[in-house]
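Here is the structure we will look at, set down as structure tokens.
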Amino acid sequence: MANILTANGVVEATTELTQAQIDSLAMANQAMEGAAQTAENLSIGFWDLFMGGGWLMWVLVVLAGVMIFIFVERFIAIRKATRLDNNFMNRIRDYILEGNINAAIDLCRRTDSPVARMIEKGIERIGRPMADIQNAIENVANVEVAKLESGLPWLASISGGAPMIGFLGTVVGMVQVFIDMSANQSGAIELSQLSAGMYVAMVTTVGGLIVGIPAYFAHNYLVARIEKLIFRMEATTIAFMDILNQPVQK
């Protein structure tokens with residue numbers, strides 16, 4: 001009799017354990033399905049995310065387009081300006097020492113570079129005082145640098161203005177939150193009433209940073225490239241003045 005009861009108890013315990021495992025698995029499946037459904041509900045497409053930011057997002061899109069255009073255009077222009085034959089100054093030296101000024105000027109005109117235009121102006125001033133020649137070269141250099149720097153103030157403005165526009169969206173979103181709170185006559189604050197304004201606030205802030213940060217780095221990169229070119233222009237000017245002094249030393 002005891003053996004029968006023991007066997008029945010084992011069977012019942014095994015049955016209860018199996019049922020408990022089944023219930024646990026069912027609850028786990030329900031939790032996973034609920035989490036998947038929640039994630040699906042929370043997932044938002046890029047377009048919906050963009051439209052949720054309001055009209056300020058379109059301003060940021062325009063600024064992003066201007067930033068990309070200026071960076072690409074200035075990058076190509078600066079890269080073209082930095083290209084110069086390593087033997088350029090050697091050939092200029094040979095022409096000047098040989099007295100072939102026309103060949104030196106022709107070489108400068110055939111070389112599309114700020115450095116070549118500087119040297120061309122200096123060659124055209126040969127025969128005048130050295131100070132006049134150096135001033136003419138420096139004037140051309142200032143004009144060339146100004147051309148290369150055109151558009152960079154826009155990049156600097158976008159790098160500082162885009163985050164501020166994003167901050168403006170944050171303020172507008174928070175104002176909308178308080179408007180919704182004040183419009184609630186019941187006094188109870190619901191999360192759904194706050195989500196719209198906070199959504200605008202967060203999206204515009206992210207958008208402003210996405211535009212402002214690349215503009216900041218793009219501006220600094222182009223400025224560094226121009227400064228490197230300026231140093232090369234100064235070195236070339238010194239080399240050219242040394243060439244002009246060589247016949248005098250002889």
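To be explicit about the labels: the chains of the structure tokens are called A, B, and onward in the order shown, and within each one the residues are counted from 1, while ligands get numbers from 1 in the order they are shown.
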
Would you mind listing, for every residue of range 72-103 of chain A within 12 Å of range 112-119 of chain A, the two atoms forming the shortest contact and the distance between them in Å to one decimal, using only C-alpha atoms, sorted by chain and ascending residue number, as JSON lines?
{"residue": "A:Ala77", "atom": "CA", "partner": "A:Ser113", "partner_atom": "CA", "distance": 10.3}
{"residue": "A:Ile78", "atom": "CA", "partner": "A:Ser113", "partner_atom": "CA", "distance": 9.9}
{"residue": "A:Arg79", "atom": "CA", "partner": "A:Ser113", "partner_atom": "CA", "distance": 10.3}
{"residue": "A:Lys80", "atom": "CA", "partner": "A:Ser113", "partner_atom": "CA", "distance": 7.5}
{"residue": "A:Ala81", "atom": "CA", "partner": "A:Ser113", "partner_atom": "CA", "distance": 5.1}
{"residue": "A:Thr82", "atom": "CA", "partner": "A:Ser113", "partner_atom": "CA", "distance": 7.2}
{"residue": "A:Arg83", "atom": "CA", "partner": "A:Ser113", "partner_atom": "CA", "distance": 7.1}
{"residue": "A:Leu84", "atom": "CA", "partner": "A:Ser113", "partner_atom": "CA", "distance": 6.9}
{"residue": "A:Asp85", "atom": "CA", "partner": "A:Ser113", "partner_atom": "CA", "distance": 10.0}
{"residue": "A:Asn86", "atom": "CA", "partner": "A:Val115", "partner_atom": "CA", "distance": 11.9}
{"residue": "A:Phe88", "atom": "CA", "partner": "A:Ala116", "partner_atom": "CA", "distance": 8.5}
{"residue": "A:Met89", "atom": "CA", "partner": "A:Ile119", "partner_atom": "CA", "distance": 9.2}
{"residue": "A:Arg91", "atom": "CA", "partner": "A:Ala116", "partner_atom": "CA", "distance": 11.9}
{"residue": "A:Ile92", "atom": "CA", "partner": "A:Ile119", "partner_atom": "CA", "distance": 8.8}
{"residue": "A:Arg93", "atom": "CA", "partner": "A:Ile119", "partner_atom": "CA", "distance": 11.0}
{"residue": "A:Ile96", "atom": "CA", "partner": "A:Ile119", "partner_atom": "CA", "distance": 11.5}
{"residue": "A:Ile101", "atom": "CA", "partner": "A:Ile119", "partner_atom": "CA", "distance": 11.7}

Export of prior selection with N, CA, C and O atoms as a PDB file, in the first residue's frame:
ATOM      1  N   ALA A  77      38.668  73.189 -54.916  1.00  0.00           N
ATOM      2  CA  ALA A  77      39.424  74.393 -55.256  1.00  0.00           C
ATOM      3  C   ALA A  77      40.771  74.435 -54.528  1.00  0.00           C
ATOM      4  O   ALA A  77      41.804  74.772 -55.125  1.00  0.00           O
ATOM      5  N   ILE A  78      40.772  74.098 -53.245  1.00  0.00           N
ATOM      6  CA  ILE A  78      42.016  74.129 -52.476  1.00  0.00           C
ATOM      7  C   ILE A  78      42.971  73.036 -52.941  1.00  0.00           C
ATOM      8  O   ILE A  78      44.191  73.252 -53.038  1.00  0.00           O
ATOM      9  N   ARG A  79      42.413  71.884 -53.244  1.00  0.00           N
ATOM     10  CA  ARG A  79      43.274  70.805 -53.746  1.00  0.00           C
ATOM     11  C   ARG A  79      43.911  71.183 -55.072  1.00  0.00           C
ATOM     12  O   ARG A  79      45.102  70.887 -55.316  1.00  0.00           O
ATOM     13  N   LYS A  80      43.154  71.843 -55.929  1.00  0.00           N
ATOM     14  CA  LYS A  80      43.699  72.288 -57.219  1.00  0.00           C
ATOM     15  C   LYS A  80      44.771  73.352 -57.007  1.00  0.00           C
ATOM     16  O   LYS A  80      45.770  73.399 -57.728  1.00  0.00           O
ATOM     17  N   ALA A  81      44.551  74.236 -56.019  1.00  0.00           N
ATOM     18  CA  ALA A  81      45.507  75.315 -55.768  1.00  0.00           C
ATOM     19  C   ALA A  81      46.828  74.803 -55.217  1.00  0.00           C
ATOM     20  O   ALA A  81      47.872  75.445 -55.400  1.00  0.00           O
ATOM     21  N   THR A  82      46.804  73.686 -54.531  1.00  0.00           N
ATOM     22  CA  THR A  82      48.031  73.163 -53.924  1.00  0.00           C
ATOM     23  C   THR A  82      48.882  72.354 -54.900  1.00  0.00           C
ATOM     24  O   THR A  82      50.024  72.002 -54.563  1.00  0.00           O
ATOM     25  N   ARG A  83      48.351  72.074 -56.073  1.00  0.00           N
ATOM     26  CA  ARG A  83      49.110  71.310 -57.055  1.00  0.00           C
ATOM     27  C   ARG A  83      50.113  72.229 -57.756  1.00  0.00           C
ATOM     28  O   ARG A  83      49.742  73.229 -58.359  1.00  0.00           O
ATOM     29  N   LEU A  84      51.367  71.889 -57.653  1.00  0.00           N
ATOM     30  CA  LEU A  84      52.423  72.679 -58.284  1.00  0.00           C
ATOM     31  C   LEU A  84      53.611  71.772 -58.566  1.00  0.00           C
ATOM     32  O   LEU A  84      53.993  70.955 -57.716  1.00  0.00           O
ATOM     33  N   ASP A  85      54.150  71.943 -59.748  1.00  0.00           N
ATOM     34  CA  ASP A  85      55.320  71.143 -60.139  1.00  0.00           C
ATOM     35  C   ASP A  85      56.490  71.449 -59.213  1.00  0.00           C
ATOM     36  O   ASP A  85      56.783  72.616 -58.914  1.00  0.00           O
ATOM     37  N   ASN A  86      57.142  70.401 -58.749  1.00  0.00           N
ATOM     38  CA  ASN A  86      58.276  70.591 -57.846  1.00  0.00           C
ATOM     39  C   ASN A  86      59.435  71.328 -58.515  1.00  0.00           C
ATOM     40  O   ASN A  86      60.238  71.974 -57.832  1.00  0.00           O
ATOM     41  N   PHE A  88      59.049  73.789 -60.593  1.00  0.00           N
ATOM     42  CA  PHE A  88      58.567  75.095 -61.060  1.00  0.00           C
ATOM     43  C   PHE A  88      59.574  76.195 -60.715  1.00  0.00           C
ATOM     44  O   PHE A  88      59.979  76.987 -61.585  1.00  0.00           O
ATOM     45  N   MET A  89      59.968  76.279 -59.463  1.00  0.00           N
ATOM     46  CA  MET A  89      60.880  77.348 -59.046  1.00  0.00           C
ATOM     47  C   MET A  89      62.270  77.162 -59.656  1.00  0.00           C
ATOM     48  O   MET A  89      62.978  78.146 -59.938  1.00  0.00           O
ATOM     49  N   ARG A  91      62.876  76.029 -62.656  1.00  0.00           N
ATOM     50  CA  ARG A  91      62.775  76.536 -64.021  1.00  0.00           C
ATOM     51  C   ARG A  91      62.700  78.065 -64.028  1.00  0.00           C
ATOM     52  O   ARG A  91      63.294  78.730 -64.901  1.00  0.00           O
ATOM     53  N   ILE A  92      61.962  78.621 -63.056  1.00  0.00           N
ATOM     54  CA  ILE A  92      61.896  80.082 -62.947  1.00  0.00           C
ATOM     55  C   ILE A  92      63.293  80.657 -62.686  1.00  0.00           C
ATOM     56  O   ILE A  92      63.696  81.673 -63.281  1.00  0.00           O
ATOM     57  N   ARG A  93      64.045  80.013 -61.814  1.00  0.00           N
ATOM     58  CA  ARG A  93      65.396  80.471 -61.514  1.00  0.00           C
ATOM     59  C   ARG A  93      66.268  80.451 -62.773  1.00  0.00           C
ATOM     60  O   ARG A  93      67.014  81.409 -63.047  1.00  0.00           O
ATOM     61  N   ILE A  96      65.245  83.296 -65.176  1.00  0.00           N
ATOM     62  CA  ILE A  96      65.617  84.638 -64.710  1.00  0.00           C
ATOM     63  C   ILE A  96      67.119  84.843 -64.804  1.00  0.00           C
ATOM     64  O   ILE A  96      67.601  85.899 -65.257  1.00  0.00           O
ATOM     65  N   ILE A 101      63.043  86.554 -69.446  1.00  0.00           N
ATOM     66  CA  ILE A 101      61.899  86.946 -68.627  1.00  0.00           C
ATOM     67  C   ILE A 101      60.582  86.511 -69.261  1.00  0.00           C
ATOM     68  O   ILE A 101      59.654  86.079 -68.567  1.00  0.00           O
TER      69      ILE A 101
END

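Compared by their closest atoms to Val66 in chain A, and using only C-alpha atoms, the residues A:Met130, A:Ile179, A:Ala136, A:Ala215 rank with A:Ala215 nearest.
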
Atom-to-atom span, CA of Val62 in chain A and CA of Met202 in chain A, Å: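 CA of Met202 in chain A lies at a distance of 19.3 Å from CA of Val62 in chain A.
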
Margin query: Using only C-alpha atoms, which protein or nucleic acid residues come within 10 Å of Leu60 in chain A? Drop anything in the same chain fewer than 3 positions from it, and give the result as an NGL selection string.
Written below: :A and (55-57 or 63-66 or 158 or 161-163 or 165-166 or 204 or 207-212)

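Nearest to Met233 in chain A of all the residues A:Ala201, A:Met164, A:Met174, A:Ala141 is A:Ala141, based on only C-alpha atoms.
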